[in-house]
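Novice: To be precise about what I am sending: the file is called my_file20.cif and holds mmCIF, C-alpha atoms.
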```cif
data_upload
loop_
_atom_site.group_PDB
_atom_site.id
_atom_site.type_symbol
_atom_site.label_atom_id
_atom_site.label_comp_id
_atom_site.auth_asym_id
_atom_site.auth_seq_id
_atom_site.Cartn_x
_atom_site.Cartn_y
_atom_site.Cartn_z
ATOM 1 C CA MET P 1445 0.000 0.000 0.000
ATOM 2 C CA LYS P 1446 0.998 3.649 0.261
ATOM 3 C CA ASN P 1447 3.917 3.091 2.616
ATOM 4 C CA LYS P 1448 6.723 5.041 0.934
ATOM 5 C CA ILE P 1449 6.560 7.599 3.740
ATOM 6 C CA LEU P 1450 8.363 5.065 5.947
ATOM 7 C CA ALA P 1451 11.308 5.016 3.570
ATOM 8 C CA LEU P 1452 11.328 8.809 3.439
ATOM 9 C CA LEU P 1453 11.358 9.111 7.217
ATOM 10 C CA ALA P 1454 14.381 6.856 7.432
ATOM 11 C CA THR P 1455 16.413 9.245 5.303
ATOM 12 C CA LEU P 1456 17.239 12.929 5.322
ATOM 13 C CA GLY P 1457 14.958 13.573 2.371
ATOM 14 C CA LEU P 1458 17.754 13.601 -0.204
ATOM 15 C CA VAL P 1459 17.221 10.293 -1.995
ATOM 16 C CA ALA P 1460 14.606 8.924 -4.375
ATOM 17 C CA SER P 1461 12.364 5.969 -3.576
ATOM 18 C CA ALA P 1462 13.906 2.513 -3.472
ATOM 19 C CA SER P 1463 11.724 1.296 -6.358
ATOM 20 C CA ALA P 1464 13.466 1.887 -9.686
ATOM 21 C CA VAL P 1465 13.973 0.468 -13.174
ATOM 22 C CA GLU P 1466 17.614 -0.588 -13.370
ATOM 23 C CA ILE P 1467 19.317 0.266 -16.659
ATOM 24 C CA ASN P 1468 22.717 -1.048 -15.573
ATOM 25 C CA GLU P 1469 24.659 -1.378 -12.328
ATOM 26 C CA ASN P 1470 25.327 2.378 -12.253
ATOM 27 C CA LEU P 1471 22.118 3.838 -13.698
ATOM 28 C CA SER P 1472 18.433 3.501 -12.854
ATOM 29 C CA ILE P 1473 15.252 5.511 -13.346
ATOM 30 C CA ASN P 1474 11.922 5.863 -11.567
ATOM 31 C CA GLY P 1475 9.035 8.249 -11.522
ATOM 32 C CA PHE P 1476 5.282 8.651 -11.472
ATOM 33 C CA ILE P 1477 2.235 10.086 -13.224
ATOM 34 C CA ASP P 1478 -0.343 11.596 -10.876
ATOM 35 C CA GLY P 1479 -3.828 12.767 -11.861
ATOM 36 C CA SER P 1480 -7.036 13.565 -10.041
ATOM 37 C CA TYR P 1481 -10.603 14.810 -9.975
ATOM 38 C CA ALA P 1482 -11.296 17.289 -7.168
ATOM 39 C CA ASP P 1483 -14.415 19.185 -6.165
ATOM 40 C CA GLN P 1484 -14.063 21.684 -3.315
ATOM 41 C CA ASP P 1485 -16.697 24.189 -2.207
ATOM 42 C CA SER P 1486 -14.222 27.094 -2.096
ATOM 43 C CA ALA P 1487 -12.376 26.165 -5.305
ATOM 44 C CA THR P 1488 -13.026 25.355 -8.952
ATOM 45 C CA GLU P 1489 -13.994 21.777 -9.819
ATOM 46 C CA GLN P 1490 -11.020 20.274 -11.668
ATOM 47 C CA ILE P 1491 -9.900 17.120 -13.452
ATOM 48 C CA GLY P 1492 -6.510 16.494 -15.041
ATOM 49 C CA ILE P 1493 -2.872 15.580 -14.615
ATOM 50 C CA ASP P 1494 -1.418 17.073 -11.414
ATOM 51 C CA GLU P 1495 2.220 16.090 -11.730
ATOM 52 C CA VAL P 1496 4.569 14.010 -13.854
ATOM 53 C CA GLU P 1497 8.072 13.205 -12.653
ATOM 54 C CA LEU P 1498 11.069 11.302 -14.013
ATOM 55 C CA ASN P 1499 14.072 10.622 -11.777
ATOM 56 C CA VAL P 1500 17.502 9.563 -13.005
ATOM 57 C CA ILE P 1501 19.749 7.968 -10.357
ATOM 58 C CA VAL P 1502 23.433 7.249 -10.895
ATOM 59 C CA ASN P 1503 25.955 5.490 -8.654
ATOM 60 C CA ALA P 1504 29.692 5.269 -9.144
ATOM 61 C CA GLY P 1505 31.427 3.883 -6.086
ATOM 62 C CA SER P 1506 31.210 6.382 -3.231
ATOM 63 C CA VAL P 1507 29.561 9.056 -5.403
ATOM 64 C CA SER P 1508 25.872 9.081 -6.297
ATOM 65 C CA GLY P 1509 23.784 11.616 -8.167
ATOM 66 C CA GLU P 1510 20.120 12.331 -8.850
ATOM 67 C CA LEU P 1511 18.204 14.372 -11.400
ATOM 68 C CA HIS P 1512 14.462 14.897 -10.823
ATOM 69 C CA VAL P 1513 12.608 16.407 -13.790
ATOM 70 C CA ASP P 1514 8.938 17.168 -13.251
ATOM 71 C CA THR P 1515 5.993 19.422 -13.798
ATOM 72 C CA GLU P 1516 3.798 20.131 -10.805
ATOM 73 C CA ASP P 1517 0.911 20.954 -13.150
ATOM 74 C CA ALA P 1518 1.168 19.377 -16.577
ATOM 75 C CA ASP P 1519 -1.659 21.614 -17.882
ATOM 76 C CA SER P 1520 0.133 24.868 -17.045
ATOM 77 C CA ASP P 1521 2.502 26.860 -19.255
ATOM 78 C CA SER P 1522 5.464 26.219 -16.964
ATOM 79 C CA GLY P 1523 6.377 22.966 -18.721
ATOM 80 C CA LEU P 1524 9.095 20.725 -17.374
ATOM 81 C CA SER P 1525 11.461 21.923 -14.679
ATOM 82 C CA ILE P 1526 14.309 20.546 -12.590
ATOM 83 C CA GLU P 1527 12.828 19.798 -9.184
ATOM 84 C CA GLN P 1528 16.034 18.391 -7.695
ATOM 85 C CA VAL P 1529 19.569 17.855 -8.953
ATOM 86 C CA HIS P 1530 22.399 16.922 -6.611
ATOM 87 C CA PHE P 1531 25.327 14.593 -6.076
ATOM 88 C CA THR P 1532 26.514 12.989 -2.853
ATOM 89 C CA TYR P 1533 29.914 11.780 -1.742
ATOM 90 C CA THR P 1534 29.673 9.151 1.028
ATOM 91 C CA MET P 1535 32.642 8.217 3.190
ATOM 92 C CA ASP P 1536 33.287 4.917 4.959
ATOM 93 C CA ASN P 1537 32.774 6.494 8.399
ATOM 94 C CA GLY P 1538 29.105 7.303 7.695
ATOM 95 C CA LEU P 1539 29.652 10.957 6.757
ATOM 96 C CA SER P 1540 28.184 12.249 3.491
ATOM 97 C CA VAL P 1541 28.327 15.553 1.624
ATOM 98 C CA THR P 1542 25.583 16.590 -0.817
ATOM 99 C CA PHE P 1543 25.783 19.533 -3.204
ATOM 100 C CA GLY P 1544 23.016 20.898 -5.428
ATOM 101 C CA ARG P 1545 19.269 21.485 -5.273
ATOM 102 C CA TYR P 1546 17.325 19.326 -2.834
ATOM 103 C CA GLY P 1547 14.372 19.281 -0.452
ATOM 104 C CA SER P 1548 14.061 19.887 3.259
ATOM 105 C CA ALA P 1549 14.458 17.079 5.778
ATOM 106 C CA LEU P 1550 11.582 18.438 7.887
ATOM 107 C CA GLY P 1551 7.967 17.354 7.851
ATOM 108 C CA LEU P 1552 5.879 14.193 7.887
ATOM 109 C CA GLU P 1553 4.155 14.942 4.563
ATOM 110 C CA ARG P 1554 7.123 15.760 2.389
ATOM 111 C CA GLU P 1555 8.348 14.991 -1.095
ATOM 112 C CA ASP P 1556 5.913 13.911 -3.831
ATOM 113 C CA PRO P 1557 2.258 12.765 -4.103
ATOM 114 C CA ALA P 1558 3.386 9.165 -4.705
ATOM 115 C CA GLY P 1559 4.557 9.037 -1.074
ATOM 116 C CA LEU P 1560 1.396 10.347 0.607
ATOM 117 C CA TYR P 1561 -1.528 8.467 2.153
ATOM 118 C CA THR P 1562 -4.040 11.139 1.113
ATOM 119 C CA PHE P 1563 -4.773 13.344 -1.884
ATOM 120 C CA SER P 1564 -4.538 16.574 0.113
ATOM 121 C CA ARG P 1565 -1.839 17.779 2.451
ATOM 122 C CA ALA P 1566 -2.721 18.647 6.022
ATOM 123 C CA TYR P 1567 -1.612 22.296 5.906
ATOM 124 C CA ASN P 1568 -1.203 25.283 3.635
ATOM 125 C CA ASP P 1569 2.128 25.977 1.899
ATOM 126 C CA ALA P 1570 3.505 27.923 4.881
ATOM 127 C CA PHE P 1571 3.728 24.683 6.867
ATOM 128 C CA ASN P 1572 4.609 22.479 3.881
ATOM 129 C CA PHE P 1573 8.259 23.492 4.028
ATOM 130 C CA GLY P 1574 9.296 19.914 3.270
ATOM 131 C CA ASN P 1575 7.344 19.832 0.001
ATOM 132 C CA VAL P 1576 9.973 20.092 -2.753
ATOM 133 C CA ASP P 1577 7.374 21.208 -5.283
ATOM 134 C CA ALA P 1578 6.795 24.350 -3.203
ATOM 135 C CA PHE P 1579 10.250 24.913 -1.668
ATOM 136 C CA SER P 1580 13.535 23.725 -3.139
ATOM 137 C CA ARG P 1581 16.934 24.564 -1.629
ATOM 138 C CA GLU P 1582 20.319 25.042 -3.225
ATOM 139 C CA GLY P 1583 23.425 24.560 -1.148
ATOM 140 C CA VAL P 1584 25.486 21.991 0.735
ATOM 141 C CA ALA P 1585 24.094 19.331 3.075
ATOM 142 C CA LEU P 1586 26.154 17.267 5.500
ATOM 143 C CA GLY P 1587 24.832 13.934 6.737
ATOM 144 C CA TYR P 1588 26.014 11.406 9.289
ATOM 145 C CA SER P 1589 24.514 7.979 9.867
ATOM 146 C CA THR P 1590 25.489 5.407 12.456
ATOM 147 C CA GLY P 1591 23.199 2.527 13.273
ATOM 148 C CA ASP P 1592 19.839 3.884 14.427
ATOM 149 C CA LEU P 1593 20.794 7.575 14.378
ATOM 150 C CA SER P 1594 20.992 9.923 11.387
ATOM 151 C CA LEU P 1595 21.984 13.588 11.570
ATOM 152 C CA GLY P 1596 21.805 16.310 8.951
ATOM 153 C CA LEU P 1597 22.970 19.900 8.461
ATOM 154 C CA SER P 1598 22.010 22.033 5.456
ATOM 155 C CA ILE P 1599 23.535 25.400 4.543
ATOM 156 C CA ASP P 1600 21.532 26.733 1.638
ATOM 157 C CA GLN P 1601 19.574 29.471 -0.036
ATOM 158 C CA GLU P 1602 16.063 29.487 -1.437
ATOM 159 C CA ASN P 1603 15.914 28.743 -5.156
ATOM 160 C CA ASP P 1604 16.573 31.765 -7.421
ATOM 161 C CA GLU P 1605 17.610 34.061 -4.550
ATOM 162 C CA ASN P 1606 20.883 36.013 -4.572
ATOM 163 C CA LEU P 1607 23.463 34.655 -2.183
ATOM 164 C CA ASN P 1608 24.626 37.122 0.435
ATOM 165 C CA ASN P 1609 25.012 37.260 4.185
ATOM 166 C CA GLU P 1610 21.320 38.020 4.677
ATOM 167 C CA ASP P 1611 19.747 35.081 2.836
ATOM 168 C CA ILE P 1612 21.807 32.091 3.964
ATOM 169 C CA ASN P 1613 19.594 29.483 5.620
ATOM 170 C CA PHE P 1614 20.472 26.748 8.082
ATOM 171 C CA GLU P 1615 18.679 23.484 8.825
ATOM 172 C CA ILE P 1616 19.479 20.858 11.455
ATOM 173 C CA SER P 1617 17.708 17.486 11.564
ATOM 174 C CA ALA P 1618 17.930 14.168 13.388
ATOM 175 C CA SER P 1619 16.218 10.796 12.909
ATOM 176 C CA TYR P 1620 16.178 7.925 15.443
ATOM 177 C CA THR P 1621 14.932 4.372 14.766
ATOM 178 C CA GLY P 1622 16.454 2.553 17.750
ATOM 179 C CA ILE P 1623 13.066 1.550 19.210
ATOM 180 C CA GLU P 1624 11.326 -1.249 17.348
ATOM 181 C CA ASN P 1625 8.576 -0.049 14.966
ATOM 182 C CA LEU P 1626 9.153 3.596 15.970
ATOM 183 C CA SER P 1627 10.679 6.353 13.838
ATOM 184 C CA LEU P 1628 11.297 9.719 15.515
ATOM 185 C CA ASN P 1629 12.343 12.862 13.640
ATOM 186 C CA VAL P 1630 13.164 16.339 14.916
ATOM 187 C CA GLY P 1631 14.409 19.406 13.084
ATOM 188 C CA TRP P 1632 14.929 23.141 13.191
ATOM 189 C CA ARG P 1633 15.389 25.613 10.361
ATOM 190 C CA THR P 1634 16.042 29.340 10.153
ATOM 191 C CA GLU P 1635 15.480 31.415 7.023
ATOM 192 C CA SER P 1636 16.977 34.879 6.732
ATOM 193 C CA ALA P 1637 15.246 37.883 5.154
ATOM 194 C CA ASP P 1638 15.650 41.658 5.239
ATOM 195 C CA ALA P 1639 12.333 42.029 7.088
ATOM 196 C CA GLY P 1640 13.310 39.480 9.762
ATOM 197 C CA ASP P 1641 14.184 35.817 10.234
ATOM 198 C CA ALA P 1642 11.674 32.960 10.251
ATOM 199 C CA ASP P 1643 12.368 29.964 12.485
ATOM 200 C CA TYR P 1644 10.775 26.570 11.840
ATOM 201 C CA THR P 1645 10.572 23.719 14.361
ATOM 202 C CA ASN P 1646 9.247 20.258 13.506
ATOM 203 C CA ILE P 1647 8.797 17.060 15.517
ATOM 204 C CA ASN P 1648 7.161 13.994 13.983
ATOM 205 C CA ALA P 1649 6.967 10.277 14.671
ATOM 206 C CA THR P 1650 5.448 7.126 13.215
ATOM 207 C CA TYR P 1651 4.714 3.842 14.986
ATOM 208 C CA SER P 1652 3.756 0.559 13.319
ATOM 209 C CA VAL P 1653 1.537 -1.919 15.151
ATOM 210 C CA GLY P 1654 0.227 -4.885 13.199
ATOM 211 C CA LYS P 1655 -1.345 -3.624 9.975
ATOM 212 C CA ALA P 1656 -1.688 -0.078 11.292
ATOM 213 C CA LEU P 1657 0.631 2.898 11.038
ATOM 214 C CA ILE P 1658 0.143 5.774 13.483
ATOM 215 C CA GLY P 1659 1.723 9.128 12.730
ATOM 216 C CA ALA P 1660 1.833 12.397 14.654
ATOM 217 C CA GLU P 1661 3.442 15.765 14.034
ATOM 218 C CA TRP P 1662 3.841 19.197 15.620
ATOM 219 C CA SER P 1663 5.262 22.225 13.806
ATOM 220 C CA ASN P 1664 5.894 25.851 14.718
ATOM 221 C CA ILE P 1665 6.744 28.929 12.652
ATOM 222 C CA ASP P 1666 8.074 32.010 14.441
ATOM 223 C CA ASN P 1667 8.150 34.807 11.862
ATOM 224 C CA GLU P 1668 9.780 38.103 12.832
ATOM 225 C CA ALA P 1669 8.538 39.874 9.690
ATOM 226 C CA THR P 1670 4.847 39.271 10.404
ATOM 227 C CA GLY P 1671 5.087 38.976 14.171
ATOM 228 C CA ASN P 1672 3.176 35.660 14.006
ATOM 229 C CA ASP P 1673 4.027 32.614 16.108
ATOM 230 C CA ASP P 1674 1.931 29.878 14.479
ATOM 231 C CA ASP P 1675 1.495 26.193 15.309
ATOM 232 C CA ALA P 1676 0.292 23.167 13.389
ATOM 233 C CA TYR P 1677 -0.249 19.518 14.235
ATOM 234 C CA LEU P 1678 -1.685 16.358 12.740
ATOM 235 C CA ILE P 1679 -2.620 12.834 13.771
ATOM 236 C CA LEU P 1680 -2.764 10.124 11.093
ATOM 237 C CA VAL P 1681 -3.818 6.466 11.206
ATOM 238 C CA ASP P 1682 -3.387 4.242 8.156
ATOM 239 C CA TYR P 1683 -4.628 0.635 8.175
ATOM 240 C CA ASP P 1684 -4.142 -2.106 5.563
ATOM 241 C CA PHE P 1685 -7.262 -4.289 5.518
ATOM 242 C CA THR P 1686 -5.782 -6.520 2.805
ATOM 243 C CA ASP P 1687 -2.723 -6.496 0.552
ATOM 244 C CA VAL P 1688 -4.538 -4.183 -1.871
ATOM 245 C CA LEU P 1689 -7.110 -2.315 0.249
ATOM 246 C CA GLY P 1690 -6.315 0.242 2.938
ATOM 247 C CA GLY P 1691 -7.553 3.449 4.427
ATOM 248 C CA ALA P 1692 -6.268 6.550 6.192
ATOM 249 C CA ILE P 1693 -7.877 8.872 8.714
ATOM 250 C CA ARG P 1694 -6.218 12.207 9.465
ATOM 251 C CA TYR P 1695 -7.029 15.148 11.690
ATOM 252 C CA SER P 1696 -5.019 18.360 11.475
ATOM 253 C CA GLU P 1697 -5.053 21.945 12.683
ATOM 254 C CA TYR P 1698 -2.911 24.911 11.748
ATOM 255 C CA GLU P 1699 -2.821 28.648 12.285
ATOM 256 C CA ASP P 1700 -2.923 30.972 9.294
ATOM 257 C CA GLY P 1701 -2.248 34.377 10.821
ATOM 258 C CA ALA P 1702 -5.369 35.275 12.800
ATOM 259 C CA ASN P 1703 -7.327 32.285 11.392
ATOM 260 C CA GLU P 1704 -7.399 28.706 12.640
ATOM 261 C CA VAL P 1705 -7.985 25.944 10.102
ATOM 262 C CA GLU P 1706 -9.229 22.461 11.085
ATOM 263 C CA MET P 1707 -9.321 19.521 8.690
ATOM 264 C CA PHE P 1708 -10.697 15.980 9.042
ATOM 265 C CA THR P 1709 -9.890 13.535 6.229
ATOM 266 C CA ILE P 1710 -11.048 10.018 5.347
ATOM 267 C CA ALA P 1711 -9.121 8.445 2.467
ATOM 268 C CA PRO P 1712 -9.548 4.775 1.460
ATOM 269 C CA ASN P 1713 -7.006 3.529 -1.075
ATOM 270 C CA TYR P 1714 -6.877 0.564 -3.423
ATOM 271 C CA ALA P 1715 -4.000 -0.937 -5.429
ATOM 272 C CA LEU P 1716 -5.385 -1.719 -8.880
ATOM 273 C CA THR P 1717 -1.985 -3.187 -9.830
ATOM 274 C CA ASP P 1718 1.489 -3.169 -8.308
ATOM 275 C CA SER P 1719 2.119 0.135 -10.084
ATOM 276 C CA LEU P 1720 -1.319 1.806 -10.198
ATOM 277 C CA GLY P 1721 -3.139 2.985 -7.089
ATOM 278 C CA VAL P 1722 -6.303 4.984 -6.443
ATOM 279 C CA ILE P 1723 -7.248 7.155 -3.455
ATOM 280 C CA LEU P 1724 -10.760 8.372 -2.718
ATOM 281 C CA GLU P 1725 -10.777 11.291 -0.275
ATOM 282 C CA TYR P 1726 -13.391 13.232 1.617
ATOM 283 C CA SER P 1727 -12.221 16.134 3.772
ATOM 284 C CA ASP P 1728 -14.254 18.388 6.027
ATOM 285 C CA ILE P 1729 -12.465 21.736 6.423
ATOM 286 C CA GLU P 1730 -13.328 24.579 8.773
ATOM 287 C CA ASN P 1731 -11.496 27.801 7.946
ATOM 288 C CA ALA P 1732 -12.145 30.780 10.213
ATOM 289 C CA GLY P 1733 -15.552 29.356 11.115
ATOM 290 C CA VAL P 1734 -16.547 28.649 7.481
ATOM 291 C CA ASP P 1735 -17.233 25.035 6.459
ATOM 292 C CA ASP P 1736 -15.584 23.750 3.282
ATOM 293 C CA ASP P 1737 -15.880 20.225 1.836
ATOM 294 C CA LEU P 1738 -13.440 18.471 -0.496
ATOM 295 C CA LEU P 1739 -14.162 15.351 -2.539
ATOM 296 C CA ALA P 1740 -11.344 13.923 -4.658
ATOM 297 C CA VAL P 1741 -10.298 10.831 -6.597
ATOM 298 C CA GLU P 1742 -6.580 10.424 -7.292
ATOM 299 C CA LEU P 1743 -4.802 7.957 -9.583
ATOM 300 C CA THR P 1744 -1.040 7.475 -9.273
ATOM 301 C CA TYR P 1745 1.078 5.332 -11.578
ATOM 302 C CA THR P 1746 4.601 4.667 -10.315
ATOM 303 C CA PHE P 1747 7.529 2.987 -12.019
#
```
Please express what this file holds, its structure, as structure tokens.
Specialist:
Amino acid sequence: MKNKILALLATLGLVASASAVEINENLSINGFIDGSYADQDSATEQIGIDEVELNVIVNAGSVSGELHVDTEDADSDSGLSIEQVHFTYTMDNGLSVTFGRYGSALGLEREDPAGLYTFSRAYNDAFNFGNVDAFSREGVALGYSTGDLSLGLSIDQENDENLNNEDINFEISASYTGIENLSLNVGWRTESADAGDADYTNINATYSVGKALIGAEWSNIDNEATGNDDDAYLILVDYDFTDVLGGAIRYSEYEDGANEVEMFTIAPNYALTDSLGVILEYSDIENAGVDDDLLAVELTYTF
């Protein structure tokens, strides 16, 4: 079922999924095609392709590289773009150095739609700082892994920004898997701007028990420019009834300035084939006291 999030949580968010088509011992490719029908009270009813992505992965001894080419909206005029491109040098002592454009290591719902249990994300883009389609970074990331503990440090800038002393960003992350069936992740990030820094804090965990996966997350954004100190959290339960049928229930809240947004989601999923999955989602959203319903059907083909 939709369990790629477990693989993502075990990394620092800098590698593609383990599933890939191997061209030779040094080159492989993977990717996905994601489309949906969505009807939301506060938005336009839509049907179409949401995102197409092709990833090229190369390995040559201690050096590996990745190129992720995608379009977040295949119907827009933006066309194809480079979502991520980076190479990593890994040493025998567990230390690694990555250079290029990559995503954040923070957040439970990060990376691409093919790794999510639901069609929607729990928060708005302000709290989706781990979503590479919304926020890519360019810089240098250091990683260290030993047994059950992984550590990460990123020194970067936001994509397309000019590099100077006032827009260098720092991110620190840690992942621990030393307790059976439990994955714990913590991280902190600061982003510099002329109007004031923004600090991000994220703590998330998943626990597997039988056929169920339980996930929880808390995030905070302290923004000097706006003067806001906003929080967000979610609780997620995913259960596999059979090898092909599962379902997720998620409750989330986040602050959007003076407004508080609550969201309750039910999302059964079914694997039509090993490569093609479908998610049916219903979400009840309350934004500043106004009710908003979302009904969506999502098809994702992975290879």
Novice: Using all atoms listed in the file, collect all residues at a distance of at most 12 Å from (4.8, 35.8, 15.2) as written in the file, then present them as an MDAnalysis selection string.
Specialist: chainID P and resid 1640:1644 1664:1675 1699:1702
Novice: Identify all residues satisfying the PyMOL selection byres ((chain P and resi 1481) around 10) in the given file; provide them as number ranges by chain.
Specialist: P: 1479-1480, 1482-1483, 1489-1494, 1724, 1739-1743
Novice: Given the PyMOL selection byres ((chain P and resi 1635) around 8) and the file above, list the residues it selects as a ChimeraX atom specification.
Specialist: /P:1611-1614,1633-1634,1636-1637,1641-1643
Novice: Under the PyMOL selection byres ((chain P and resi 1562) around 7), which residues of this model are included? Write them out as a list in words.
Specialist: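 Evaluating the PyMOL selection byres ((chain P and resi 1562) around 7) on this file yields Leu1560, Tyr1561, Phe1563, Ser1564, Ala1711, Ile1723 and Glu1725 of chain P.
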Novice: Residues near range 1685-1695 of chain P, anyone? I mean within 7 Å using all atoms listed in the file, not counting same-chain ones fewer than 5 positions away, as a list in words.
Specialist: Met1445, Tyr1561, Leu1678, Ile1679, Leu1680, Met1707, Phe1708, Thr1709, Ile1710, Ala1711, Pro1712, Asn1713, Tyr1714 and Ala1715 of chain P
Novice: If we count all atoms listed in the file and set the cut-off at 9 Å, which residues sit around Ser1540 in chain P, ignoring sequence neighbours fewer than 4 positions away in its own chain? Please answer as a PyMOL selection string.
Specialist: chain P and resi 1532-1535+1585-1589
Novice: Please report the interatomic distance between CA of Ala1566 in chain P and CA of Ala1487 in chain P in Å with one decimal.
Specialist: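 Distance reported for this atom pair: 16.7 Å.
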Novice: CA of Gly1721 in chain P and CA of Pro1557 in chain P, how far apart in Å?
Specialist: 11.6 Å
